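Colleague: Please see the structure below; I have some questions.
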Amino acid sequence: MKPLASFGIVFIAVIVVATGAAGQSVYRCGNTYSEKPCTDGVAVNVQDSRTPAQKRESDAATRRDVATTEALEQAKQREMAQSNKSSTEFNKSAARTSPAKTKAANSQATRAEGNNKEPGTSPARKKKDSEYFTARTVAPKPASKASASARK
């Protein structure tokens, strides 16, 4: 049985070496590449022309870039999880606030805004703003009787 096993291993090794050594030709046919020659096809040299040192440098740069990309992705995931956690905590705290407290806070804010408004305007008279832009002009003040008589 040992001679048969060693013969099988040698046979497989010879087949692998024979097929790998032949190599395949690649042809460029217009904008596509193929293993089969075509009319007006051009044979393309696809052998790696880099030295072993250049290949090692390129592989190291690729590994470094992959590690950097993975680190950035993990940082992004952590930041998104933190943002979602903060948003959830904010929503929970807003839900815990009772409607009475919210109403009281809104009325205090309204009163504070009323104190900062221009004289002569009242919050009760304010009209609801339209969603459309409306241009308004300021009407000229009527001339007083004293200034009207001075012009004559």
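Here's how to read the names in the structure tokens: chain A, B, ... by the order shown, residue numbers from 1 in each chain, ligand numbers from 1 in the order shown.
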Fewer than 2 positions away in the same chain doesn't count, so skip those; otherwise give me all residues within 6 Å of segment 40-50 of chain A, counting only C-alpha atoms, as a list in words.
Modeller: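 Residues meeting the cut-off are Val26, Tyr27, Arg28, Cys29, Cys38 and Gln54 of chain A.
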Colleague: Would you save the residues from that selection as a PDB file, in the first residue's frame, using N, CA and C atoms?
Modeller:
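Ended up saving to result.pdb:
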```
ATOM      1  N   VAL A  26      -3.768  36.051 -21.623  1.00  0.00           N
ATOM      2  CA  VAL A  26      -4.934  36.923 -21.491  1.00  0.00           C
ATOM      3  C   VAL A  26      -4.934  37.850 -22.688  1.00  0.00           C
ATOM      4  N   TYR A  27      -6.111  38.007 -23.277  1.00  0.00           N
ATOM      5  CA  TYR A  27      -6.256  38.829 -24.474  1.00  0.00           C
ATOM      6  C   TYR A  27      -7.206  39.974 -24.175  1.00  0.00           C
ATOM      7  N   ARG A  28      -6.855  41.144 -24.696  1.00  0.00           N
ATOM      8  CA  ARG A  28      -7.743  42.295 -24.572  1.00  0.00           C
ATOM      9  C   ARG A  28      -8.495  42.428 -25.873  1.00  0.00           C
ATOM     10  N   CYS A  29      -9.810  42.334 -25.740  1.00  0.00           N
ATOM     11  CA  CYS A  29     -10.691  42.448 -26.904  1.00  0.00           C
ATOM     12  C   CYS A  29     -11.561  43.681 -26.716  1.00  0.00           C
ATOM     13  N   CYS A  38      -9.458  36.661 -29.695  1.00  0.00           N
ATOM     14  CA  CYS A  38     -10.554  37.157 -30.504  1.00  0.00           C
ATOM     15  C   CYS A  38      -9.963  37.945 -31.671  1.00  0.00           C
ATOM     16  N   GLN A  54       9.347  44.716  -3.122  1.00  0.00           N
ATOM     17  CA  GLN A  54       8.233  45.606  -3.450  1.00  0.00           C
ATOM     18  C   GLN A  54       6.900  44.942  -3.097  1.00  0.00           C
TER      19      GLN A  54
END
```
Colleague: What does the distance from atom CA of Pro52 of chain A to atom CA of Arg64 of chain A come to in Å, to one decimal?
Modeller: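 A separation of 18.3 Å between them.
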Colleague: What is the distance between atom CA of Arg63 of chain A and atom CA of Lys76 of chain A, in Å to one decimal?
Modeller: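 Separating atom CA of Arg63 of chain A from atom CA of Lys76 of chain A is a distance of 19.9 Å.
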